[in-house]
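A.B. asks: Right, I'll just put the structure down here and ask away after.
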Amino acid sequence: MFKSKKRWGCEVRRKPKSAETPSFPNATLRGGGLPEGNAANPNPPPHGSGIHPFGWTALALVRIVFLLAAQICTAGLFQSWQAAIPWWPFSIVFANLCCLGIMIRWTRLNGVPFWRIQRQPFPEPGISGRILPFLRRRFPRLGIVRLAVEGGLFLAALLLFGVPAFVFQEWMRSANPVLQAVPMAGELPTSALIVLTALLPLSQGLIEFPWFFGFIMPGAENALSPSGRPNKRPAAVGAWLIALAVFLLQVSLLPPVFDPAYILLQASAMFPLLALIGVILRLSPRWMPWINVLHALMALNLVSQYWSMVR
(Lines give C-alpha, C1' and ligand atoms only; values in the text may rest on other atoms or scores of the structure.)
Protein backbone atom coordinates (compact mmCIF):
# COMPACT_ATOMS: atom_id res chain seq x y z
CA MET A 1 0.00 0.00 0.00
CA PHE A 2 2.86 2.39 0.79
CA LYS A 3 6.21 2.68 -0.93
CA SER A 4 9.27 3.19 1.23
CA LYS A 5 12.38 5.07 0.25
CA LYS A 6 15.52 5.80 2.26
CA ARG A 7 16.51 9.44 2.28
CA TRP A 8 19.31 10.89 4.43
CA GLY A 9 19.47 7.72 6.42
CA CYS A 10 15.75 7.76 7.21
CA GLU A 11 13.02 5.66 5.74
CA VAL A 12 10.25 7.71 4.19
CA ARG A 13 6.90 6.11 3.41
CA ARG A 14 4.60 7.63 0.83
CA LYS A 15 1.45 6.64 -1.02
CA PRO A 16 1.70 5.45 -4.60
CA LYS A 17 0.48 7.84 -7.28
CA SER A 18 -2.49 5.64 -8.08
CA ALA A 19 -3.83 6.13 -4.56
CA GLU A 20 -3.64 9.92 -4.73
CA THR A 21 -6.87 11.82 -5.23
CA PRO A 22 -6.83 13.71 -8.54
CA SER A 23 -7.10 17.43 -8.18
CA PHE A 24 -9.83 19.46 -9.81
CA PRO A 25 -10.30 19.93 -12.77
CA ASN A 26 -8.75 16.52 -13.45
CA ALA A 27 -11.21 14.93 -11.03
CA THR A 28 -13.96 12.88 -12.58
CA LEU A 29 -17.16 14.81 -13.21
CA ARG A 30 -20.51 13.38 -12.44
CA GLY A 31 -23.99 14.29 -13.72
CA GLY A 32 -24.80 17.90 -13.04
CA GLY A 33 -21.20 18.87 -13.70
CA LEU A 34 -20.20 18.21 -10.10
CA PRO A 35 -16.80 16.78 -9.07
CA GLU A 36 -16.75 13.14 -8.03
CA GLY A 37 -14.99 13.29 -4.70
CA ASN A 38 -13.87 15.44 -1.83
CA ALA A 39 -11.86 15.14 1.32
CA ALA A 40 -14.84 14.47 3.57
CA ASN A 41 -16.59 12.07 1.21
CA PRO A 42 -14.16 10.66 -1.39
CA ASN A 43 -16.79 8.64 -3.26
CA PRO A 44 -20.16 10.41 -3.12
CA PRO A 45 -22.99 9.04 -5.25
CA PRO A 46 -23.47 10.66 -8.67
CA HIS A 47 -25.87 13.56 -8.95
CA GLY A 48 -29.17 11.80 -9.54
CA SER A 49 -28.12 8.25 -8.73
CA GLY A 50 -30.16 6.58 -6.03
CA ILE A 51 -33.16 8.80 -6.80
CA HIS A 52 -35.85 7.61 -9.18
CA PRO A 53 -36.82 10.00 -12.00
CA PHE A 54 -40.23 10.30 -10.34
CA GLY A 55 -38.36 11.40 -7.23
CA TRP A 56 -36.80 14.27 -9.16
CA THR A 57 -40.25 15.15 -10.51
CA ALA A 58 -41.63 15.19 -6.96
CA LEU A 59 -38.69 17.32 -5.83
CA ALA A 60 -39.42 19.81 -8.60
CA LEU A 61 -43.08 19.90 -7.54
CA VAL A 62 -42.02 20.75 -3.98
CA ARG A 63 -41.36 24.28 -5.21
CA ILE A 64 -45.01 24.64 -6.23
CA VAL A 65 -46.04 23.29 -2.81
CA PHE A 66 -43.96 26.01 -1.14
CA LEU A 67 -45.50 28.64 -3.39
CA LEU A 68 -49.10 27.58 -2.77
CA ALA A 69 -48.49 27.19 0.96
CA ALA A 70 -47.22 30.76 1.16
CA GLN A 71 -50.18 32.01 -0.85
CA ILE A 72 -52.65 30.12 1.37
CA CYS A 73 -51.06 31.66 4.48
CA THR A 74 -51.34 35.11 2.90
CA ALA A 75 -55.00 34.48 2.09
CA GLY A 76 -55.53 33.42 5.70
CA LEU A 77 -54.07 36.70 6.93
CA PHE A 78 -56.39 38.72 4.71
CA GLN A 79 -59.27 36.25 5.13
CA SER A 80 -59.81 36.46 1.37
CA TRP A 81 -58.12 34.72 -1.54
CA GLN A 82 -58.90 37.60 -3.88
CA ALA A 83 -57.25 40.11 -1.56
CA ALA A 84 -54.12 37.92 -1.37
CA ILE A 85 -53.62 37.63 -5.15
CA PRO A 86 -51.58 40.88 -5.54
CA TRP A 87 -49.15 39.51 -2.94
CA TRP A 88 -48.17 36.52 -5.09
CA PRO A 89 -44.59 37.77 -5.76
CA PHE A 90 -43.87 37.29 -2.05
CA SER A 91 -44.89 33.64 -2.45
CA ILE A 92 -42.28 33.40 -5.21
CA VAL A 93 -39.66 34.87 -2.88
CA PHE A 94 -40.59 32.37 -0.16
CA ALA A 95 -40.39 29.44 -2.61
CA ASN A 96 -37.03 30.72 -3.87
CA LEU A 97 -35.59 30.83 -0.35
CA CYS A 98 -36.84 27.30 0.40
CA CYS A 99 -35.35 25.98 -2.86
CA LEU A 100 -32.09 27.77 -2.08
CA GLY A 101 -31.93 25.91 1.23
CA ILE A 102 -32.52 22.58 -0.52
CA MET A 103 -29.79 23.22 -3.10
CA ILE A 104 -27.28 24.36 -0.49
CA ARG A 105 -28.04 21.31 1.64
CA TRP A 106 -27.66 19.01 -1.37
CA THR A 107 -24.32 20.49 -2.43
CA ARG A 108 -22.97 20.28 1.10
CA LEU A 109 -23.98 16.63 1.42
CA ASN A 110 -22.21 15.89 -1.87
CA GLY A 111 -19.21 18.05 -1.01
CA VAL A 112 -19.39 20.32 -4.04
CA PRO A 113 -19.46 24.12 -4.41
CA PHE A 114 -22.86 25.71 -4.82
CA TRP A 115 -21.65 27.94 -7.65
CA ARG A 116 -21.46 24.93 -9.98
CA ILE A 117 -25.25 24.90 -10.21
CA GLN A 118 -25.05 28.55 -11.22
CA ARG A 119 -22.19 28.37 -13.72
CA GLN A 120 -21.70 24.83 -15.05
CA PRO A 121 -24.59 22.47 -14.18
CA PHE A 122 -23.57 19.93 -16.85
CA PRO A 123 -20.12 18.39 -17.33
CA GLU A 124 -19.90 19.28 -21.04
CA PRO A 125 -18.41 22.65 -21.97
CA GLY A 126 -21.21 23.37 -24.43
CA ILE A 127 -21.05 25.65 -27.44
CA SER A 128 -19.45 28.62 -25.71
CA GLY A 129 -17.20 26.33 -23.68
CA ARG A 130 -15.66 24.91 -26.87
CA ILE A 131 -14.86 28.36 -28.19
CA LEU A 132 -13.37 29.76 -24.98
CA PRO A 133 -10.30 27.43 -24.88
CA PHE A 134 -9.37 28.65 -28.36
CA LEU A 135 -9.69 32.25 -27.20
CA ARG A 136 -7.61 31.55 -24.10
CA ARG A 137 -4.78 30.33 -26.34
CA ARG A 138 -5.05 33.31 -28.66
CA PHE A 139 -5.70 35.97 -25.98
CA PRO A 140 -4.23 34.59 -22.73
CA ARG A 141 -4.22 37.98 -20.99
CA LEU A 142 -7.31 39.59 -22.48
CA GLY A 143 -10.18 38.28 -20.37
CA ILE A 144 -12.38 41.09 -21.64
CA VAL A 145 -12.11 39.65 -25.16
CA ARG A 146 -13.32 36.25 -24.01
CA LEU A 147 -16.14 37.86 -22.05
CA ALA A 148 -17.15 39.94 -25.07
CA VAL A 149 -17.20 36.89 -27.36
CA GLU A 150 -19.27 34.85 -24.91
CA GLY A 151 -21.65 37.76 -24.41
CA GLY A 152 -21.88 38.24 -28.18
CA LEU A 153 -22.81 34.59 -28.69
CA PHE A 154 -25.49 34.85 -26.04
CA LEU A 155 -26.83 38.07 -27.56
CA ALA A 156 -26.98 36.44 -31.00
CA ALA A 157 -28.95 33.49 -29.59
CA LEU A 158 -31.24 35.91 -27.77
CA LEU A 159 -31.97 37.88 -30.93
CA LEU A 160 -32.49 34.80 -33.10
CA PHE A 161 -34.63 32.76 -30.71
CA GLY A 162 -35.40 34.69 -27.54
CA VAL A 163 -36.98 37.76 -29.12
CA PRO A 164 -39.51 35.72 -31.16
CA ALA A 165 -40.44 33.83 -27.98
CA PHE A 166 -40.96 37.11 -26.11
CA VAL A 167 -43.05 38.48 -28.99
CA PHE A 168 -45.19 35.34 -29.01
CA GLN A 169 -45.76 35.64 -25.26
CA GLU A 170 -46.86 39.26 -25.53
CA TRP A 171 -49.07 38.48 -28.53
CA MET A 172 -50.80 35.71 -26.61
CA ARG A 173 -51.49 38.05 -23.70
CA SER A 174 -52.79 40.86 -25.93
CA ALA A 175 -54.91 38.57 -28.11
CA ASN A 176 -56.68 36.66 -25.31
CA PRO A 177 -59.22 38.46 -23.12
CA VAL A 178 -58.85 35.70 -20.52
CA LEU A 179 -55.20 36.63 -19.95
CA GLN A 180 -55.92 40.35 -20.08
CA ALA A 181 -58.55 39.98 -17.36
CA VAL A 182 -55.89 38.82 -14.87
CA PRO A 183 -53.46 41.67 -14.09
CA MET A 184 -49.92 40.68 -13.20
CA ALA A 185 -49.56 43.51 -10.66
CA GLY A 186 -51.79 45.06 -8.03
CA GLU A 187 -51.75 47.67 -5.31
CA LEU A 188 -49.40 47.06 -2.41
CA PRO A 189 -48.17 49.25 0.46
CA THR A 190 -44.98 51.18 -0.17
CA SER A 191 -43.12 49.34 2.58
CA ALA A 192 -44.01 46.00 0.97
CA LEU A 193 -42.83 47.26 -2.41
CA ILE A 194 -39.47 48.28 -0.95
CA VAL A 195 -38.96 44.75 0.39
CA LEU A 196 -40.16 43.27 -2.91
CA THR A 197 -37.76 45.45 -4.89
CA ALA A 198 -34.86 44.17 -2.82
CA LEU A 199 -35.76 40.48 -2.75
CA LEU A 200 -37.60 39.51 -5.94
CA PRO A 201 -35.01 40.35 -8.64
CA LEU A 202 -32.17 38.94 -6.56
CA SER A 203 -33.92 35.70 -5.65
CA GLN A 204 -35.31 35.15 -9.15
CA GLY A 205 -31.93 35.76 -10.74
CA LEU A 206 -30.12 33.36 -8.42
CA ILE A 207 -32.59 30.55 -7.85
CA GLU A 208 -35.48 29.93 -10.26
CA PHE A 209 -33.70 28.88 -13.47
CA PRO A 210 -30.84 27.17 -11.58
CA TRP A 211 -33.47 25.19 -9.65
CA PHE A 212 -35.20 23.80 -12.73
CA PHE A 213 -32.41 23.66 -15.33
CA GLY A 214 -29.29 23.55 -13.16
CA PHE A 215 -30.43 21.22 -10.37
CA ILE A 216 -33.55 19.25 -11.34
CA MET A 217 -32.69 18.67 -15.01
CA PRO A 218 -29.11 17.35 -14.49
CA GLY A 219 -30.25 15.09 -11.64
CA ALA A 220 -33.19 13.69 -13.62
CA GLU A 221 -30.98 13.17 -16.67
CA ASN A 222 -28.48 11.13 -14.72
CA ALA A 223 -31.29 9.14 -13.07
CA LEU A 224 -32.83 8.38 -16.48
CA SER A 225 -29.51 7.27 -17.97
CA PRO A 226 -29.36 3.44 -17.93
CA SER A 227 -25.59 3.33 -17.51
CA GLY A 228 -25.54 5.94 -14.76
CA ARG A 229 -23.76 8.38 -17.03
CA PRO A 230 -25.19 11.67 -18.28
CA ASN A 231 -25.28 12.99 -21.84
CA LYS A 232 -27.48 10.26 -23.23
CA ARG A 233 -29.89 11.84 -25.68
CA PRO A 234 -33.11 10.09 -24.53
CA ALA A 235 -32.22 10.81 -20.91
CA ALA A 236 -31.49 14.44 -21.76
CA VAL A 237 -34.84 14.83 -23.53
CA GLY A 238 -36.70 13.14 -20.67
CA ALA A 239 -35.05 15.34 -18.06
CA TRP A 240 -35.79 18.42 -20.15
CA LEU A 241 -39.46 17.42 -20.33
CA ILE A 242 -39.64 16.88 -16.55
CA ALA A 243 -38.14 20.28 -15.74
CA LEU A 244 -40.17 22.03 -18.44
CA ALA A 245 -43.51 20.45 -17.42
CA VAL A 246 -43.16 21.45 -13.76
CA PHE A 247 -41.90 24.91 -14.71
CA LEU A 248 -44.91 25.43 -16.99
CA LEU A 249 -47.23 24.29 -14.21
CA GLN A 250 -45.71 26.88 -11.90
CA VAL A 251 -45.97 29.83 -14.30
CA SER A 252 -49.53 28.87 -15.23
CA LEU A 253 -50.50 29.31 -11.57
CA LEU A 254 -49.08 32.85 -11.38
CA PRO A 255 -50.96 34.90 -10.44
CA PRO A 256 -52.84 32.16 -8.54
CA VAL A 257 -56.12 32.27 -10.45
CA PHE A 258 -57.53 28.76 -10.68
CA ASP A 259 -59.33 29.20 -13.98
CA PRO A 260 -58.73 26.27 -16.41
CA ALA A 261 -58.83 28.57 -19.44
CA TYR A 262 -56.31 30.95 -17.87
CA ILE A 263 -53.99 28.12 -16.82
CA LEU A 264 -54.00 26.61 -20.31
CA LEU A 265 -53.45 29.91 -22.10
CA GLN A 266 -50.73 31.04 -19.68
CA ALA A 267 -48.86 27.76 -20.12
CA SER A 268 -49.21 28.04 -23.91
CA ALA A 269 -47.87 31.60 -23.87
CA MET A 270 -44.82 30.68 -21.78
CA PHE A 271 -44.04 27.35 -23.49
CA PRO A 272 -41.77 28.62 -26.34
CA LEU A 273 -39.66 30.80 -24.05
CA LEU A 274 -39.13 28.21 -21.28
CA ALA A 275 -38.56 25.37 -23.76
CA LEU A 276 -35.96 27.45 -25.56
CA ILE A 277 -34.15 28.39 -22.34
CA GLY A 278 -34.02 24.73 -21.30
CA VAL A 279 -32.52 23.71 -24.65
CA ILE A 280 -30.00 26.58 -24.59
CA LEU A 281 -28.83 25.71 -21.08
CA ARG A 282 -28.44 22.06 -22.05
CA LEU A 283 -26.40 22.91 -25.14
CA SER A 284 -24.40 25.71 -23.53
CA PRO A 285 -24.50 25.49 -19.71
CA ARG A 286 -22.05 28.38 -19.32
CA TRP A 287 -24.82 30.77 -20.35
CA MET A 288 -26.63 30.22 -17.05
CA PRO A 289 -25.27 33.47 -15.48
CA TRP A 290 -26.33 35.47 -18.53
CA ILE A 291 -29.85 34.06 -18.40
CA ASN A 292 -29.98 34.69 -14.65
CA VAL A 293 -29.18 38.36 -15.22
CA LEU A 294 -31.88 38.59 -17.88
CA HIS A 295 -34.34 36.89 -15.54
CA ALA A 296 -33.51 39.34 -12.76
CA LEU A 297 -34.24 42.22 -15.14
CA MET A 298 -37.61 40.66 -15.98
CA ALA A 299 -38.42 40.45 -12.27
CA LEU A 300 -37.39 44.09 -11.91
CA ASN A 301 -39.81 44.95 -14.69
CA LEU A 302 -42.60 43.26 -12.72
CA VAL A 303 -41.65 45.29 -9.65
CA SER A 304 -41.82 48.46 -11.73
CA GLN A 305 -45.40 47.56 -12.68
CA TYR A 306 -46.26 47.38 -8.98
CA TRP A 307 -44.62 50.75 -8.36
CA SER A 308 -46.62 52.30 -11.23
CA MET A 309 -49.82 51.50 -9.33
CA VAL A 310 -48.81 53.36 -6.18
CA ARG A 311 -51.09 56.31 -5.59
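Simple scheme: letters A, B, ... for chains in C-alpha coordinates order, numbers from 1 for residues in each chain, numbers from 1 for ligands in the order shown.
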Report the closest atom pair, with its distance in Å rounded to one decimal, for each residue of range 186-287 of chain A that has an atom no farther than 9 Å from range 174-181 of chain A; count only C-alpha atoms, sort by chain and then rising residue number, and write it as CSV.
C.D. replies:
residue,atom,partner,partner_atom,distance
A:Ala261,CA,A:Val178,CA,7.2
A:Tyr262,CA,A:Val178,CA,6.0
A:Leu265,CA,A:Leu179,CA,7.3
A:Gln266,CA,A:Leu179,CA,7.2
A.B. asks: Restrict the calculation to only C-alpha atoms, then for each residue of range 210-308 of chain A with any atom at most 10 Å from an atom of range 146-168 of chain A give the closest atom pair and their distance in Å to one decimal, rows by chain and rising residue number, as a Markdown table.
C.D. replies:
| residue | atom | partner | partner_atom | distance |
| --- | --- | --- | --- | --- |
| A:Ser268 | CA | A:Phe168 | CA | 9.8 |
| A:Ala269 | CA | A:Phe168 | CA | 6.9 |
| A:Met270 | CA | A:Ala165 | CA | 8.2 |
| A:Phe271 | CA | A:Ala165 | CA | 8.7 |
| A:Pro272 | CA | A:Ala165 | CA | 5.6 |
| A:Leu273 | CA | A:Ala165 | CA | 5.0 |
| A:Leu274 | CA | A:Ala165 | CA | 8.8 |
| A:Ala275 | CA | A:Ala165 | CA | 9.6 |
| A:Leu276 | CA | A:Phe161 | CA | 7.5 |
| A:Ile277 | CA | A:Gly162 | CA | 8.3 |
| A:Ile280 | CA | A:Ala157 | CA | 8.6 |
| A:Ser284 | CA | A:Phe154 | CA | 9.5 |
| A:Arg286 | CA | A:Glu150 | CA | 9.0 |
| A:Trp287 | CA | A:Phe154 | CA | 7.0 |
| A:Trp290 | CA | A:Phe154 | CA | 7.6 |
| A:Ile291 | CA | A:Phe154 | CA | 8.8 |
A.B. asks: Could you write out the selected residues, including N, CA, C and O atoms, as an mmCIF file, in the first residue's frame?
C.D. replies:
data_model
loop_
_atom_site.group_PDB
_atom_site.id
_atom_site.type_symbol
_atom_site.label_atom_id
_atom_site.label_comp_id
_atom_site.auth_asym_id
_atom_site.auth_seq_id
_atom_site.Cartn_x
_atom_site.Cartn_y
_atom_site.Cartn_z
ATOM 1 N N SER A 268 -49.485 27.978 -22.472
ATOM 2 C CA SER A 268 -49.212 28.038 -23.908
ATOM 3 C C SER A 268 -48.369 29.263 -24.265
ATOM 4 O O SER A 268 -47.483 29.196 -25.125
ATOM 5 N N ALA A 269 -48.629 30.384 -23.589
ATOM 6 C CA ALA A 269 -47.868 31.596 -23.869
ATOM 7 C C ALA A 269 -46.419 31.481 -23.425
ATOM 8 O O ALA A 269 -45.502 32.012 -24.083
ATOM 9 N N MET A 270 -46.178 30.781 -22.323
ATOM 10 C CA MET A 270 -44.822 30.675 -21.784
ATOM 11 C C MET A 270 -44.040 29.496 -22.346
ATOM 12 O O MET A 270 -42.822 29.417 -22.146
ATOM 13 N N PHE A 271 -44.712 28.573 -23.026
ATOM 14 C CA PHE A 271 -44.038 27.354 -23.488
ATOM 15 C C PHE A 271 -42.836 27.629 -24.392
ATOM 16 O O PHE A 271 -41.752 27.074 -24.155
ATOM 17 N N PRO A 272 -42.957 28.447 -25.467
ATOM 18 C CA PRO A 272 -41.774 28.622 -26.342
ATOM 19 C C PRO A 272 -40.571 29.179 -25.605
ATOM 20 O O PRO A 272 -39.441 28.722 -25.821
ATOM 21 N N LEU A 273 -40.786 30.166 -24.737
ATOM 22 C CA LEU A 273 -39.661 30.796 -24.047
ATOM 23 C C LEU A 273 -38.971 29.827 -23.096
ATOM 24 O O LEU A 273 -37.735 29.691 -23.111
ATOM 25 N N LEU A 274 -39.740 29.132 -22.254
ATOM 26 C CA LEU A 274 -39.130 28.214 -21.281
ATOM 27 C C LEU A 274 -38.503 27.014 -21.964
ATOM 28 O O LEU A 274 -37.444 26.531 -21.542
ATOM 29 N N ALA A 275 -39.145 26.492 -23.022
ATOM 30 C CA ALA A 275 -38.562 25.367 -23.755
ATOM 31 C C ALA A 275 -37.240 25.770 -24.386
ATOM 32 O O ALA A 275 -36.258 25.010 -24.352
ATOM 33 N N LEU A 276 -37.195 26.973 -24.939
ATOM 34 C CA LEU A 276 -35.960 27.451 -25.560
ATOM 35 C C LEU A 276 -34.849 27.626 -24.533
ATOM 36 O O LEU A 276 -33.702 27.239 -24.774
ATOM 37 N N ILE A 277 -35.173 28.191 -23.371
ATOM 38 C CA ILE A 277 -34.149 28.387 -22.342
ATOM 39 C C ILE A 277 -33.606 27.048 -21.867
ATOM 40 O O ILE A 277 -32.398 26.891 -21.652
ATOM 41 N N ILE A 280 -31.229 25.781 -24.560
ATOM 42 C CA ILE A 280 -30.001 26.575 -24.591
ATOM 43 C C ILE A 280 -29.087 26.204 -23.428
ATOM 44 O O ILE A 280 -27.865 26.025 -23.603
ATOM 45 N N SER A 284 -25.473 24.805 -23.957
ATOM 46 C CA SER A 284 -24.405 25.707 -23.530
ATOM 47 C C SER A 284 -24.623 26.084 -22.069
ATOM 48 O O SER A 284 -25.175 27.152 -21.754
ATOM 49 N N ARG A 286 -22.756 27.204 -19.822
ATOM 50 C CA ARG A 286 -22.051 28.383 -19.320
ATOM 51 C C ARG A 286 -22.870 29.656 -19.465
ATOM 52 O O ARG A 286 -22.490 30.698 -18.931
ATOM 53 N N TRP A 287 -23.978 29.584 -20.189
ATOM 54 C CA TRP A 287 -24.820 30.768 -20.347
ATOM 55 C C TRP A 287 -25.797 30.944 -19.188
ATOM 56 O O TRP A 287 -26.608 31.871 -19.213
ATOM 57 N N TRP A 290 -25.739 34.475 -17.652
ATOM 58 C CA TRP A 290 -26.326 35.475 -18.530
ATOM 59 C C TRP A 290 -27.852 35.422 -18.460
ATOM 60 O O TRP A 290 -28.524 36.457 -18.402
ATOM 61 N N ILE A 291 -28.398 34.212 -18.484
ATOM 62 C CA ILE A 291 -29.851 34.059 -18.402
ATOM 63 C C ILE A 291 -30.361 34.490 -17.034
ATOM 64 O O ILE A 291 -31.452 35.059 -16.911
#
A.B. asks: Please list as a PDB file with N, CA, C and O atoms, in the first residue's frame every residue within 10 Å of Leu249 in chain A, counting only C-alpha atoms and excluding residues in the same chain fewer than 5 positions away.
C.D. replies:
ATOM      1  N   LEU A  61     -41.741  19.460  -7.937  1.00  0.00           N
ATOM      2  CA  LEU A  61     -43.082  19.902  -7.537  1.00  0.00           C
ATOM      3  C   LEU A  61     -43.104  20.495  -6.135  1.00  0.00           C
ATOM      4  O   LEU A  61     -44.038  21.229  -5.786  1.00  0.00           O
ATOM      5  N   ILE A  64     -43.633  24.175  -6.084  1.00  0.00           N
ATOM      6  CA  ILE A  64     -45.011  24.640  -6.226  1.00  0.00           C
ATOM      7  C   ILE A  64     -45.746  24.495  -4.893  1.00  0.00           C
ATOM      8  O   ILE A  64     -46.603  25.322  -4.548  1.00  0.00           O
ATOM      9  N   LEU A 244     -39.304  21.099 -17.718  1.00  0.00           N
ATOM     10  CA  LEU A 244     -40.173  22.026 -18.436  1.00  0.00           C
ATOM     11  C   LEU A 244     -41.625  21.887 -17.993  1.00  0.00           C
ATOM     12  O   LEU A 244     -42.325  22.900 -17.817  1.00  0.00           O
ATOM     13  N   LEU A 254     -49.486  31.509 -11.822  1.00  0.00           N
ATOM     14  CA  LEU A 254     -49.084  32.847 -11.382  1.00  0.00           C
ATOM     15  C   LEU A 254     -49.651  33.896 -12.326  1.00  0.00           C
ATOM     16  O   LEU A 254     -49.376  33.844 -13.527  1.00  0.00           O
ATOM     17  N   ILE A 263     -55.160  28.992 -17.012  1.00  0.00           N
ATOM     18  CA  ILE A 263     -53.993  28.117 -16.817  1.00  0.00           C
ATOM     19  C   ILE A 263     -53.489  27.588 -18.150  1.00  0.00           C
ATOM     20  O   ILE A 263     -52.274  27.573 -18.426  1.00  0.00           O
ATOM     21  N   LEU A 264     -54.399  27.159 -19.018  1.00  0.00           N
ATOM     22  CA  LEU A 264     -54.004  26.612 -20.310  1.00  0.00           C
ATOM     23  C   LEU A 264     -53.378  27.678 -21.204  1.00  0.00           C
ATOM     24  O   LEU A 264     -52.333  27.453 -21.831  1.00  0.00           O
ATOM     25  N   GLN A 266     -51.992  30.558 -20.260  1.00  0.00           N
ATOM     26  CA  GLN A 266     -50.734  31.038 -19.677  1.00  0.00           C
ATOM     27  C   GLN A 266     -49.602  30.053 -19.955  1.00  0.00           C
ATOM     28  O   GLN A 266     -48.483  30.465 -20.302  1.00  0.00           O
ATOM     29  N   ALA A 267     -49.880  28.760 -19.816  1.00  0.00           N
ATOM     30  CA  ALA A 267     -48.856  27.759 -20.121  1.00  0.00           C
ATOM     31  C   ALA A 267     -48.495  27.781 -21.600  1.00  0.00           C
ATOM     32  O   ALA A 267     -47.317  27.641 -21.968  1.00  0.00           O
TER      33      ALA A 267
END
A.B. asks: Residues at most 10 Å from Trp211 in chain A, counting only C-alpha atoms, excluding those fewer than 5 positions away in the same chain, as a list of chain:residue names?
C.D. replies: A:Ala60, A:Arg63, A:Asn96, A:Cys99, A:Leu100, A:Ile102, A:Met103, A:Ile117, A:Gln118, A:Leu206, A:Ile216, A:Met217, A:Ala243, A:Phe247
